[in-house]
Amino acid sequence: MSRTLLLLGTRKGCFLLESESDRREWKLRGPFCESWPVYHAVHDAASGAIYAAAASEWHGSAVWRSGDLGETWALSSEGLAYDEDRGRKVSKVSTLAVTDGRVLVGVEAPGIFESGDGGESWSLLTTLAGQPGSEAWDDPANQPPGHLGISAIIPDADDGSHFWTIVQGVGLFETGDGGSTWTPRNRGLRADWPREHEEVGFCVHRLVRSPTDPGRMYQQNHVGMHRSDDGGHSWREITDGLPTEFGFAAAAHPHDRDTFYVIPLDPGHARCMPEGRAAVWRTRDAGESWQRLDRGLPQRDAHLGVLRAALAIDGDDVPGLYFGTSTGQVFASTDEGDSWSEIAAYLPPIWSVEVAALD
Amino acid sequence: MADVHLPTTLTALFDDLPRRLEVDAATVAEAIERLEERWPGVQARLCEPGPVLHRHIHVYVDRERSALDTSLGTRSRVDVIAAISGG
């Protein structure tokens, strides 16, 4: 049986939570990365390395890496910059993905850099130039504080040249040639605001893909939950039955294409779970109906926020789920979300949670 | 030789980089280049492409707020400060 490793990106560094196969007792280590703000941390199963995307307000952006599960760390930003004459600036490294032996990092202003040497050096892969309205992505007025630029990169485990990316506030894009060319994949999505271009201008918060059905995708959007049955070529809304249409986090069941999890939030300034009562919501029929899951979660005065990368699901026969909050708690379920327990608290605000199985 | 004082947030990132050291340089930019020669990567932690100082890295030469092109005297004191970043 494998051990389970949770990787937490927080406002004050990367933390690791590790458990034996029972996923009951958890040991916390950290903070790592000199407590730099870490937006996302991932584990590369092939090499065993951990990568953490970090942006220090003093010392700039960099990707930290550890080849020994957090015992030692090094950082690099070599090549992680735009050409000076174009006026673009890498103000933040937001998200990471490992695919086909490459490490990809999404940044603000929107662009993706790649590393073929395990994060020691980087080169620009794409800015998605030429997409409708992309000339405006570099405008600082369109990059308010908190903006992530590229907020996610979603690899295809079966094809290293095939992946998706989310440009925050713009939409979802797909490449089939390793990032050279891109196609918007936002047809059927809703937007409650004026848009200049038909194919973009959507606020995709989180995209997850069923491991059992390559065509099945779910997304939590700024306005509504949506499902695709054709690999993102078209979308239909599945919000009915949820307490709010807004949220950030989402997770797809590893063995059942119709089971999917979200954490609806108050869409106003609060962006917390409604009424101070914590809950994860699950569908087992691809969004036709939703079930509130709150056993073991605080049901009073719990104003918890969960950000877009802060819900993870493992691949066990009975999958475990894990989410981290903006107030520094981590909750876990080992029974597909039916019941929950707090496995860490008093951490800095948590921005991302990823899970890895260790041999 | 300028008397250079560095913040702990920087020295923590490089083996044997001291909090205080003497550097032979005519400007702030040159002083950072001297550090870069011995501790590769230091420049990227203090400057962004341009180069210009990172927004919250403040440099004072003889107690005056300074920039990369500020001249250094033979006995200047240079304070590199990780400034104003909230809690």
# chains A, B, ... in the order shown; residues from 1 in each chain; ligands from 1
>>> residues_around(residues="A:Ile154", least_positions_apart="6", cutoff="7 Å", atoms="only C-alpha atoms", output="list of chain:residue names")
A:Phe163, A:Trp164, A:Thr165
>>> interface_residues(of="chain B", to="chain A", cutoff="12 Å", atoms="only C-alpha atoms", output="JSON, numbers by chain")
{"B": [7, 8, 9, 10, 11, 12, 13, 14, 15, 40, 41, 42, 43, 44, 45, 46, 47, 48, 49, 50, 51, 52, 53, 54, 55, 56, 57, 58, 80, 81, 82, 83, 84, 85, 86, 87]}
>>> atom_distance(atom1="atom CA of A:Trp351", atom2="atom CA of A:Ala41")
9.6 Å
>>> closest_residue(among="A:Gly276, A:Gly268, A:Thr212, A:Ser21", to="A:Asp158", atoms="only C-alpha atoms")
A:Thr212
>>> select_by_dssp(residues="chain B", states="strand (DSSP E or B)", output="ChimeraX atom specification")
/B:2-5,20-23,27,47-48,52-53,57-61,64-66,71,77-82
